[in-house]
$ cat run_0.txt   # compact mmCIF, C-alpha atoms and all ligand atoms
# COMPACT_ATOMS: atom_id res chain seq x y z
CA MET A 4 -60.70 27.32 29.18
CA THR A 5 -62.50 29.57 26.75
CA THR A 6 -65.04 26.94 25.80
CA THR A 7 -68.34 27.21 27.61
CA ASN A 8 -70.77 24.33 27.78
CA HIS A 9 -72.88 26.02 25.16
CA GLU A 10 -70.19 26.66 22.62
CA PRO A 11 -69.70 23.80 20.16
CA ALA A 12 -66.29 22.13 20.14
CA ILE A 13 -66.15 22.79 16.42
CA ALA A 14 -68.13 25.46 14.59
CA ALA A 15 -67.25 26.15 10.98
CA THR A 16 -69.13 28.17 8.41
CA GLY A 17 -68.65 28.60 4.71
CA LEU A 18 -65.36 26.74 4.41
CA ARG A 19 -63.95 26.89 0.91
CA LYS A 20 -60.87 25.44 -0.67
CA SER A 21 -59.74 25.16 -4.27
CA TYR A 22 -56.62 23.77 -5.86
CA GLY A 23 -56.09 25.62 -9.12
CA ASP A 24 -59.48 25.65 -10.79
CA LYS A 25 -60.63 22.54 -8.92
CA THR A 26 -63.04 23.42 -6.13
CA VAL A 27 -62.64 20.86 -3.37
CA LEU A 28 -64.81 22.52 -0.69
CA ASP A 29 -67.59 24.77 -1.86
CA GLY A 30 -68.98 26.28 1.35
CA ILE A 31 -69.09 23.78 4.20
CA ASP A 32 -70.83 24.40 7.55
CA ILE A 33 -70.07 22.07 10.45
CA GLN A 34 -71.15 22.15 14.10
CA VAL A 35 -69.94 19.57 16.55
CA PRO A 36 -71.18 19.76 20.16
CA ALA A 37 -68.52 19.03 22.78
CA GLY A 38 -68.30 15.42 23.91
CA THR A 39 -69.89 13.95 20.78
CA ILE A 40 -68.69 12.00 17.76
CA PHE A 41 -69.15 13.64 14.40
CA SER A 42 -68.47 11.63 11.28
CA LEU A 43 -67.67 13.08 7.91
CA LEU A 44 -68.47 10.51 5.25
CA GLY A 45 -67.53 10.73 1.63
CA PRO A 46 -66.15 8.75 -1.27
CA ASN A 47 -62.47 8.81 -2.19
CA GLY A 48 -61.28 12.28 -3.04
CA ALA A 49 -64.41 14.01 -1.70
CA GLY A 50 -62.31 16.34 0.42
CA LYS A 51 -62.52 14.76 3.89
CA THR A 52 -58.79 15.06 4.57
CA THR A 53 -58.89 18.63 3.30
CA VAL A 54 -61.54 19.46 5.94
CA VAL A 55 -59.44 17.82 8.66
CA ASN A 56 -56.32 19.64 7.49
CA ILE A 57 -58.11 22.98 7.58
CA LEU A 58 -59.76 22.47 10.97
CA SER A 59 -56.49 21.24 12.48
CA THR A 60 -54.58 24.30 11.17
CA LEU A 61 -52.37 22.30 8.78
CA ILE A 62 -53.59 24.22 5.76
CA SER A 63 -55.62 27.39 5.49
CA ALA A 64 -59.03 27.70 3.88
CA ASP A 65 -59.64 30.10 1.00
CA GLY A 66 -62.81 31.27 2.69
CA GLY A 67 -65.03 30.77 5.70
CA GLN A 68 -64.50 30.86 9.45
CA ALA A 69 -64.14 28.33 12.20
CA ARG A 70 -63.90 28.25 15.96
CA ILE A 71 -62.29 25.22 17.53
CA ALA A 72 -62.48 24.71 21.30
CA GLY A 73 -63.54 28.32 21.58
CA HIS A 74 -60.59 29.71 19.61
CA ASP A 75 -60.65 31.37 16.25
CA LEU A 76 -58.93 29.11 13.75
CA ALA A 77 -57.19 31.90 11.86
CA ALA A 78 -56.38 34.33 14.67
CA GLU A 79 -55.54 31.83 17.43
CA ALA A 80 -54.02 28.91 15.56
CA GLN A 81 -51.59 28.13 18.38
CA ALA A 82 -54.39 27.89 20.97
CA VAL A 83 -56.34 25.68 18.59
CA ARG A 84 -53.31 23.42 18.15
CA SER A 85 -52.88 22.95 21.87
CA ALA A 86 -56.53 21.89 22.25
CA ILE A 87 -56.57 19.29 19.49
CA GLY A 88 -54.94 16.02 18.48
CA VAL A 89 -54.78 14.65 14.98
CA THR A 90 -54.30 11.07 13.89
CA GLY A 91 -54.06 11.04 10.16
CA GLN A 92 -53.88 8.49 7.41
CA PHE A 93 -50.12 8.84 7.56
CA SER A 94 -49.04 7.74 10.95
CA ALA A 95 -46.76 9.80 13.17
CA VAL A 96 -45.17 6.59 14.44
CA ASP A 97 -41.42 6.27 13.87
CA GLY A 98 -40.75 2.61 13.06
CA LEU A 99 -37.07 2.70 13.93
CA ILE A 100 -37.59 3.36 17.63
CA THR A 101 -39.69 1.48 20.16
CA GLY A 102 -43.30 2.23 21.02
CA GLU A 103 -42.22 3.58 24.39
CA GLU A 104 -39.59 5.84 22.80
CA ASN A 105 -42.21 7.18 20.39
CA MET A 106 -44.39 8.04 23.36
CA LEU A 107 -41.56 9.69 25.30
CA LEU A 108 -40.71 11.74 22.24
CA MET A 109 -44.28 13.04 22.16
CA ALA A 110 -44.05 13.83 25.88
CA ASP A 111 -40.92 15.90 25.12
CA LEU A 112 -42.70 17.69 22.30
CA HIS A 113 -45.47 18.61 24.73
CA HIS A 114 -42.87 19.85 27.24
CA LEU A 115 -43.87 17.38 29.92
CA SER A 116 -41.28 16.88 32.65
CA ARG A 117 -39.31 13.64 32.50
CA ALA A 118 -41.24 12.13 35.38
CA GLU A 119 -44.59 13.24 34.02
CA GLY A 120 -43.65 11.98 30.54
CA ARG A 121 -42.82 8.54 31.97
CA ARG A 122 -46.02 8.44 34.01
CA VAL A 123 -48.25 9.41 31.06
CA THR A 124 -46.42 7.01 28.74
CA ALA A 125 -46.79 4.07 31.12
CA ALA A 126 -50.49 4.80 31.65
CA LEU A 127 -51.24 5.10 27.94
CA LEU A 128 -49.23 2.00 26.98
CA GLU A 129 -51.24 0.09 29.56
CA ARG A 130 -54.54 1.54 28.40
CA PHE A 131 -53.86 0.64 24.77
CA ASP A 132 -52.60 -2.85 25.53
CA LEU A 133 -49.08 -2.08 24.34
CA VAL A 134 -47.09 -2.89 27.48
CA GLU A 135 -45.64 -6.13 26.11
CA ALA A 136 -44.66 -4.50 22.82
CA ALA A 137 -43.39 -1.29 24.42
CA LYS A 138 -39.70 -2.13 24.12
CA LYS A 139 -39.87 -3.45 20.55
CA PRO A 140 -39.27 -1.31 17.46
CA ALA A 141 -42.59 0.04 16.19
CA SER A 142 -41.79 -1.34 12.72
CA THR A 143 -42.49 -4.82 14.11
CA TYR A 144 -46.05 -3.85 15.19
CA SER A 145 -49.17 -5.06 13.41
CA GLY A 146 -51.40 -2.49 11.68
CA GLY A 147 -53.78 -2.44 14.63
CA MET A 148 -50.96 -1.96 17.14
CA LYS A 149 -49.53 0.92 15.09
CA ARG A 150 -52.89 2.66 15.05
CA ARG A 151 -53.25 2.17 18.80
CA LEU A 152 -49.78 3.60 19.33
CA ASP A 153 -50.64 6.49 17.04
CA ILE A 154 -53.72 7.37 19.08
CA ALA A 155 -51.83 6.88 22.34
CA MET A 156 -49.22 9.37 21.06
CA THR A 157 -51.99 11.82 20.20
CA LEU A 158 -53.37 11.54 23.73
CA VAL A 159 -50.06 12.49 25.36
CA GLY A 160 -51.04 16.14 24.90
CA SER A 161 -54.49 15.56 26.55
CA PRO A 162 -56.41 17.03 23.61
CA ARG A 163 -60.05 17.95 24.13
CA ILE A 164 -60.83 17.41 20.47
CA ILE A 165 -59.42 14.61 18.36
CA PHE A 166 -59.45 14.40 14.60
CA LEU A 167 -59.30 10.82 13.38
CA ASP A 168 -58.81 10.61 9.64
CA GLU A 169 -59.92 7.16 8.48
CA PRO A 170 -58.74 5.46 11.67
CA THR A 171 -59.68 1.93 10.66
CA THR A 172 -58.80 1.86 6.97
CA GLY A 173 -56.89 -1.35 6.30
CA LEU A 174 -57.48 -2.90 9.73
CA ASP A 175 -58.82 -6.43 10.20
CA PRO A 176 -62.29 -6.77 11.77
CA ARG A 177 -61.00 -7.46 15.27
CA SER A 178 -58.67 -4.43 15.25
CA ARG A 179 -61.50 -2.29 13.88
CA HIS A 180 -63.69 -3.29 16.81
CA THR A 181 -60.89 -2.54 19.26
CA MET A 182 -60.49 0.89 17.64
CA TRP A 183 -64.25 1.52 17.91
CA GLN A 184 -64.09 0.65 21.59
CA ILE A 185 -61.19 3.07 22.07
CA ILE A 186 -63.13 5.83 20.31
CA ARG A 187 -66.20 5.21 22.47
CA GLU A 188 -64.08 5.37 25.61
CA LEU A 189 -62.52 8.64 24.49
CA VAL A 190 -65.94 10.20 24.09
CA SER A 191 -67.29 8.85 27.36
CA GLY A 192 -64.30 10.58 28.97
CA GLY A 193 -65.51 13.90 27.51
CA THR A 194 -63.35 14.14 24.38
CA THR A 195 -64.92 15.35 21.15
CA VAL A 196 -64.16 13.17 18.14
CA PHE A 197 -64.19 14.30 14.53
CA LEU A 198 -63.99 11.15 12.46
CA THR A 199 -63.68 10.73 8.73
CA THR A 200 -64.50 7.41 7.22
CA GLN A 201 -65.48 5.67 4.04
CA TYR A 202 -67.16 2.94 6.08
CA LEU A 203 -70.83 3.42 6.62
CA ASP A 204 -71.07 0.85 9.36
CA GLU A 205 -68.36 2.72 11.24
CA ALA A 206 -70.31 5.97 11.13
CA ASP A 207 -73.47 4.05 11.98
CA GLN A 208 -71.80 2.41 15.00
CA LEU A 209 -70.07 5.46 16.39
CA ALA A 210 -71.37 8.80 15.27
CA ASP A 211 -73.92 11.01 16.98
CA ARG A 212 -74.15 12.99 13.78
CA ILE A 213 -73.06 12.20 10.27
CA ALA A 214 -72.49 14.53 7.33
CA VAL A 215 -72.06 13.29 3.79
CA LEU A 216 -69.54 15.21 1.68
CA ASN A 217 -69.88 15.02 -2.07
CA GLY A 218 -69.05 17.37 -4.91
CA GLY A 219 -67.60 19.96 -2.52
CA LYS A 220 -70.79 20.25 -0.47
CA LEU A 221 -72.46 18.54 2.45
CA VAL A 222 -75.31 16.78 0.72
CA ALA A 223 -76.95 15.43 3.88
CA GLU A 224 -76.57 15.67 7.61
CA GLY A 225 -78.23 14.02 10.56
CA SER A 226 -78.14 11.06 12.90
CA ALA A 227 -77.79 7.64 11.26
CA GLU A 228 -81.52 7.10 11.81
CA GLU A 229 -82.43 10.43 10.24
CA LEU A 230 -80.28 9.71 7.20
CA LYS A 231 -81.76 6.26 6.76
CA ARG A 232 -85.21 7.81 6.71
CA LEU A 233 -84.21 9.74 3.58
CA VAL A 234 -84.19 6.52 1.61
CA PRO A 235 -87.26 4.36 1.41
CA GLY A 236 -85.45 1.13 0.58
CA GLY A 237 -87.27 -1.08 3.11
CA HIS A 238 -88.89 -4.25 1.91
CA VAL A 239 -89.94 -7.73 2.87
CA ARG A 240 -88.41 -10.48 0.78
CA LEU A 241 -90.18 -13.80 0.18
CA ARG A 242 -88.15 -16.67 -1.19
CA PHE A 243 -89.68 -19.77 -2.72
CA SER A 244 -88.29 -23.10 -3.87
CA ASP A 245 -91.55 -24.17 -5.49
CA PRO A 246 -91.99 -22.33 -8.82
CA VAL A 247 -95.75 -22.86 -8.70
CA ALA A 248 -96.10 -21.22 -5.29
CA TYR A 249 -93.80 -18.45 -6.46
CA GLU A 250 -95.90 -17.80 -9.55
CA ARG A 251 -99.14 -17.79 -7.58
CA ALA A 252 -97.75 -15.34 -5.07
CA ALA A 253 -96.26 -13.12 -7.79
CA THR A 254 -99.52 -12.98 -9.67
CA ALA A 255 -101.60 -12.25 -6.61
CA LEU A 256 -99.31 -9.65 -5.08
CA ARG A 257 -99.21 -6.75 -7.46
CA GLU A 258 -96.95 -4.35 -5.61
CA THR A 259 -93.84 -6.50 -5.84
CA ASN A 260 -90.55 -6.68 -7.62
CA ARG A 261 -90.00 -10.18 -8.89
CA ASP A 262 -86.77 -12.05 -9.45
CA ASP A 263 -87.80 -15.04 -11.55
CA GLU A 264 -84.39 -16.68 -11.40
CA ALA A 265 -83.98 -16.58 -7.65
CA LEU A 266 -87.74 -17.16 -7.12
CA THR A 267 -87.92 -14.20 -4.76
CA LEU A 268 -90.43 -11.41 -4.39
CA GLN A 269 -89.82 -8.05 -2.78
CA ILE A 270 -92.72 -6.24 -1.20
CA PRO A 271 -92.12 -2.59 -0.30
CA SER A 272 -92.61 -2.32 3.46
CA ASP A 273 -91.49 -0.29 6.44
CA GLY A 274 -90.95 -3.54 8.34
CA SER A 275 -93.54 -2.63 10.97
CA GLN A 276 -95.37 -5.31 12.92
CA ARG A 277 -98.64 -4.27 11.30
CA GLU A 278 -97.32 -4.64 7.76
CA LEU A 279 -95.62 -7.94 8.50
CA ARG A 280 -98.83 -9.31 9.97
CA ALA A 281 -100.78 -8.20 6.90
CA ILE A 282 -98.33 -10.02 4.61
CA LEU A 283 -98.40 -13.18 6.74
CA ASP A 284 -102.21 -13.10 6.96
CA TRP A 285 -102.44 -12.72 3.25
CA LEU A 286 -100.05 -15.63 2.60
CA ASP A 287 -102.03 -17.83 5.00
CA ALA A 288 -105.37 -16.89 3.48
CA ALA A 289 -104.08 -17.68 0.01
CA GLY A 290 -102.57 -20.95 1.23
CA ILE A 291 -99.14 -19.96 0.00
CA GLU A 292 -96.06 -20.97 1.90
CA ALA A 293 -92.80 -19.14 1.30
CA ASP A 294 -89.57 -20.91 2.22
CA GLU A 295 -88.10 -17.81 3.75
CA LEU A 296 -89.32 -14.40 4.78
CA SER A 297 -86.85 -11.67 5.62
CA VAL A 298 -87.19 -7.99 6.47
CA HIS A 299 -84.78 -5.47 4.94
CA THR A 300 -84.57 -1.98 6.34
CA PRO A 301 -82.56 0.63 4.45
CA ASP A 302 -79.06 1.04 5.77
CA LEU A 303 -76.51 3.79 5.43
CA ASP A 304 -75.24 2.10 2.26
CA ASP A 305 -78.54 2.91 0.60
CA VAL A 306 -78.25 6.51 1.78
CA PHE A 307 -74.65 6.82 0.70
CA PHE A 308 -75.22 5.47 -2.79
CA ALA A 309 -78.37 7.52 -3.16
CA LEU A 310 -76.49 10.70 -2.25
CA THR A 311 -73.09 10.13 -3.78
CA GLY A 312 -73.70 7.55 -6.51
CA SER A 313 -72.58 8.84 -9.88
CA PRO A 314 -75.66 10.03 -11.69
CA VAL A 315 -76.96 7.65 -14.32
CA PRO A 316 -77.98 9.50 -17.51
CA ALA A 317 -81.75 9.32 -17.84
CA ASP A 318 -81.79 7.76 -21.32
CA THR A 319 -79.45 4.86 -20.54
CA ASN A 320 -81.40 4.20 -17.39
CA ALA A 321 -84.79 4.08 -19.08
CA GLY A 322 -86.72 0.89 -18.56
CA LYS A 323 -84.38 -0.47 -15.90
CA ASP A 324 -85.95 -1.41 -12.63
CA THR A 325 -83.50 -2.18 -9.87
CA ASP A 326 -83.40 -1.59 -6.12
CA ASN A 327 -80.91 1.19 -6.41
CA ASP A 328 -82.90 3.18 -8.91
CA ASN A 329 -85.63 3.29 -6.37
CA ALA A 330 -83.25 4.72 -3.79
CA LYS A 331 -81.51 7.14 -6.15
CA GLU A 332 -84.64 8.77 -7.42
CA THR A 333 -86.23 9.46 -4.11
CA VAL A 334 -83.66 11.56 -2.36
CA ARG A 335 -83.20 14.71 -4.37
N1 LIG A 401 -52.15 19.81 -2.31
C1 LIG A 401 -53.06 19.52 -3.25
N2 LIG A 401 -52.92 19.97 -4.52
C2 LIG A 401 -53.84 19.70 -5.46
N3 LIG A 401 -54.96 18.95 -5.24
C3 LIG A 401 -55.15 18.47 -4.01
C4 LIG A 401 -54.22 18.72 -2.94
N4 LIG A 401 -54.69 18.11 -1.83
C5 LIG A 401 -55.85 17.50 -2.18
N5 LIG A 401 -56.13 17.72 -3.48
C6 LIG A 401 -57.32 17.23 -4.20
O1 LIG A 401 -58.44 17.57 -3.45
C7 LIG A 401 -59.42 16.52 -3.50
C8 LIG A 401 -59.81 16.12 -2.11
O2 LIG A 401 -58.74 15.43 -1.48
P1 LIG A 401 -58.87 14.84 -0.02
O3 LIG A 401 -57.59 14.14 0.28
O4 LIG A 401 -59.31 15.89 0.91
O5 LIG A 401 -60.04 13.77 -0.21
P2 LIG A 401 -60.53 12.64 0.78
O6 LIG A 401 -62.01 12.74 0.82
O7 LIG A 401 -59.80 12.72 2.06
O8 LIG A 401 -60.13 11.34 0.00
P3 LIG A 401 -59.51 9.95 0.51
O9 LIG A 401 -60.63 9.19 1.11
O10 LIG A 401 -59.03 9.35 -0.77
O11 LIG A 401 -58.43 10.29 1.45
C9 LIG A 401 -58.81 15.41 -4.32
O12 LIG A 401 -59.30 15.50 -5.64
C10 LIG A 401 -57.33 15.72 -4.30
O13 LIG A 401 -56.73 15.27 -5.48
$ encode --input "run_0.txt" --output "structure tokens" --more "lines below"
Ligand SMILES: Nc1ncnc2c1ncn2[C@@H]1O[C@H](COP(=O)(O)OP(=O)(O)OP(=O)(O)O)[C@@H](O)[C@H]1O
Amino acid sequence: MTTTNHEPAIAATGLRKSYGDKTVLDGIDIQVPAGTIFSLLGPNGAGKTTVVNILSTLISADGGQARIAGHDLAAEAQAVRSAIGVTGQFSAVDGLITGEENMLLMADLHHLSRAEGRRVTAALLERFDLVEAAKKPASTYSGGMKRRLDIAMTLVGSPRIIFLDEPTTGLDPRSRHTMWQIIRELVSGGTTVFLTTQYLDEADQLADRIAVLNGGKLVAEGSAEELKRLVPGGHVRLRFSDPVAYERAATALRETNRDDEALTLQIPSDGSQRELRAILDWLDAAGIEADELSVHTPDLDDVFFALTGSPVPADTNAGKDTDNDNAKETVR
């Protein structure tokens, strides 16, 4: 009850962590308003799990402070623990017992009465579409069902803040979408979600704010739209089947990247109505007909690769002219 409406659910400053002489986190600041979804994006080994482990009290930071749900992480670890739930990459589900038994075990751990434990378990099994499977050993569950059970188990303690560490890694598309729906419902019920993911579309779909972790630091932070604006990768692509038309268009349009094999031209563009009309007017006036015209706006992939892509040494890169170079050069 210490959290006021104004205090963020998670507020961390200057988090540091090293293993031996390897610096994993080199001063990380994170603010997550209550009732929102924050996504920490980063390539393999960037330190996402380390951040989750620190903020959920599993390991301690070497430096920095954090307040979680209004409690000081270091001084009030127990209060922090009772306000949060964590669903990690390694599931808490015990495969030898049934889904229902797993849930009841969690209820015991949270000191719920027997009756209350049964009530909460029944409600959560229903909510996560696990009623039919409830009496079967969890080892027989599909990957998606195990993740749903895992989250259901986390919710037994009614956490106000949930840490989801790569919740959809390895799931098929349908189970991913189910998981996204579950996450959205959690947040609309007032829960704060801290989500780590390697999937840009996941962050794009779900997160209010996204931070990109790379090289021990947050290299960018903002809404998906704000991050996309960092990378001017937008273009209009014209595809031709007639080599003559292609050549005429390529010669006349100077500001294009050409792909002579695919007979396509890329014209840098923000995809606005005005720019599209100008391109179409120009094609009409020149009597050129493209077989296909498509608009490409930069997506989070462009941002991610621009921010985290391994740097290409300048000399080996000289003279190359690809889409990604364009993106990589512009951000820093
Ligand atoms: N206990 C440990 N001892 C030594 N090094 C560790 C330890 N835990 C993590 N690391 C190292 O810290 C770095 C960050 O690991 P972490 O698991 O946080 O990354 P991640 O972003 O979650 O990656 P992934 O997406 O692969 O899970 C890695 O290089 C890892 O090898």
$ closest_residue --input "run_0.txt" --among "A:Met106, A:Leu286, A:Leu158, A:Leu216" --to "ligand LIG 401 (chain A)" --atoms "only C-alpha atoms and all ligand atoms"
A:Leu216
$ closest_residue --input "run_0.txt" --among "A:Ile87, A:Ala136, A:Ala69, A:Ala126" --to "A:Ile100" --atoms "all atoms listed in the file"
A:Ala136
$ closest_atom_pairs --input "run_0.txt" --of "chain A" --to "ligand LIG 401 (chain A)" --cutoff "9 Å" --atoms "all atoms listed in the file" --output "CSV"
residue,atom,partner,partner_atom,distance
A:Lys20,CA,A:LIG401,O1,8.7
A:Ser21,CA,A:LIG401,O1,7.7
A:Tyr22,CA,A:LIG401,C2,4.9
A:Gly23,CA,A:LIG401,C2,7.3
A:Lys25,CA,A:LIG401,N3,7.7
A:Thr26,CA,A:LIG401,O1,7.9
A:Val27,CA,A:LIG401,O1,5.3
A:Leu28,CA,A:LIG401,C8,8.2
A:Leu44,CA,A:LIG401,O6,8.1
A:Gly45,CA,A:LIG401,O6,5.9
A:Pro46,CA,A:LIG401,O9,6.0
A:Asn47,CA,A:LIG401,O10,3.8
A:Gly48,CA,A:LIG401,O8,3.4
A:Ala49,CA,A:LIG401,O6,3.7
A:Gly50,CA,A:LIG401,O4,3.1
A:Lys51,CA,A:LIG401,O6,3.7
A:Thr52,CA,A:LIG401,O7,3.6
A:Thr53,CA,A:LIG401,O4,3.7
A:Val54,CA,A:LIG401,O4,6.6
A:Val55,CA,A:LIG401,O4,8.0
A:Asn56,CA,A:LIG401,O4,8.1
A:Gln92,CA,A:LIG401,O11,7.7
A:Asp168,CA,A:LIG401,O7,7.9
A:Glu169,CA,A:LIG401,O9,7.7
A:Thr199,CA,A:LIG401,O7,8.0
A:Thr200,CA,A:LIG401,O9,7.4
A:Gln201,CA,A:LIG401,O9,6.7
A:Leu216,CA,A:LIG401,O6,8.0
A:Asn217,CA,A:LIG401,O6,8.7
A:Gly219,CA,A:LIG401,C8,8.7
$ residues_around --input "run_0.txt" --residues "A:Arg251" --least-positions-apart "5" --cutoff "12 Å" --atoms "only C-alpha atoms" --output "list in words"
Phe243, Asp245, Pro246, Leu256, Arg257, Arg261, Leu266, Leu268, Leu286, Ala289, Gly290, Ile291, Glu292 and Ala293 of chain A
$ write_last_selection --input "run_0.txt" --atoms "C-alpha atoms" --output "compact mmCIF listing (two decimals), keeping the file's coordinate frame"
# COMPACT_ATOMS: atom_id res chain seq x y z
CA PHE A 243 -89.68 -19.77 -2.72
CA ASP A 245 -91.55 -24.17 -5.49
CA PRO A 246 -91.99 -22.33 -8.82
CA LEU A 256 -99.31 -9.65 -5.08
CA ARG A 257 -99.21 -6.75 -7.46
CA ARG A 261 -90.00 -10.18 -8.89
CA LEU A 266 -87.74 -17.16 -7.12
CA LEU A 268 -90.43 -11.41 -4.39
CA LEU A 286 -100.05 -15.63 2.60
CA ALA A 289 -104.08 -17.68 0.01
CA GLY A 290 -102.57 -20.95 1.23
CA ILE A 291 -99.14 -19.96 0.00
CA GLU A 292 -96.06 -20.97 1.90
CA ALA A 293 -92.80 -19.14 1.30
$ closest_residue --input "run_0.txt" --among "A:Leu221, A:Ile186, A:Arg179, A:Ser59" --to "A:Gly30" --atoms "all atoms listed in the file"
A:Leu221
$ atom_distance --input "run_0.txt" --atom1 "atom CA of A:Phe131" --atom2 "atom CA of A:Thr101"
14.9 Å
$ closest_residue --input "run_0.txt" --among "A:Asn260, A:Glu104, A:Pro170, A:Arg151" --to "A:Lys138" --atoms "all atoms listed in the file"
A:Glu104
$ closest_residue --input "run_0.txt" --among "A:Ala15, A:Ile185, A:Ile270, A:Val234" --to "A:Ala309" --atoms "all atoms listed in the file"
A:Val234
$ closest_residue --input "run_0.txt" --among "A:Met182, A:Ala137, A:Ala77, A:Leu107" --to "A:Met156" --atoms "all atoms listed in the file"
A:Leu107
$ residues_near_point --input "run_0.txt" --point "(-54.7, 18.1, 15.1)" --cutoff "7 Å" --atoms "all atoms listed in the file" --output "list in words"
Ser59, Arg84, Ile87, Gly88, Val89, Ile165 and Phe166 of chain A
$ atom_distance --input "run_0.txt" --atom1 "atom CA of A:Phe308" --atom2 "atom CA of A:Glu264"
25.5 Å
$ atom_distance --input "run_0.txt" --atom1 "atom CA of A:Ala14" --atom2 "atom CA of A:Ile31"
10.6 Å
$ residues_around --input "run_0.txt" --residues "A:Thr143" --least-positions-apart "5" --cutoff "10 Å" --atoms "all atoms listed in the file" --output "PDB file with C-alpha atoms, in the frame of the given file"
ATOM      1  CA  GLY A  98     -40.750   2.610  13.060  1.00  0.00           C
ATOM      2  CA  LEU A  99     -37.070   2.700  13.930  1.00  0.00           C
ATOM      3  CA  THR A 101     -39.690   1.480  20.160  1.00  0.00           C
ATOM      4  CA  GLY A 102     -43.300   2.230  21.020  1.00  0.00           C
ATOM      5  CA  ALA A 136     -44.660  -4.500  22.820  1.00  0.00           C
ATOM      6  CA  MET A 148     -50.960  -1.960  17.140  1.00  0.00           C
ATOM      7  CA  LYS A 149     -49.530   0.920  15.090  1.00  0.00           C
TER       8      LYS A 149
END
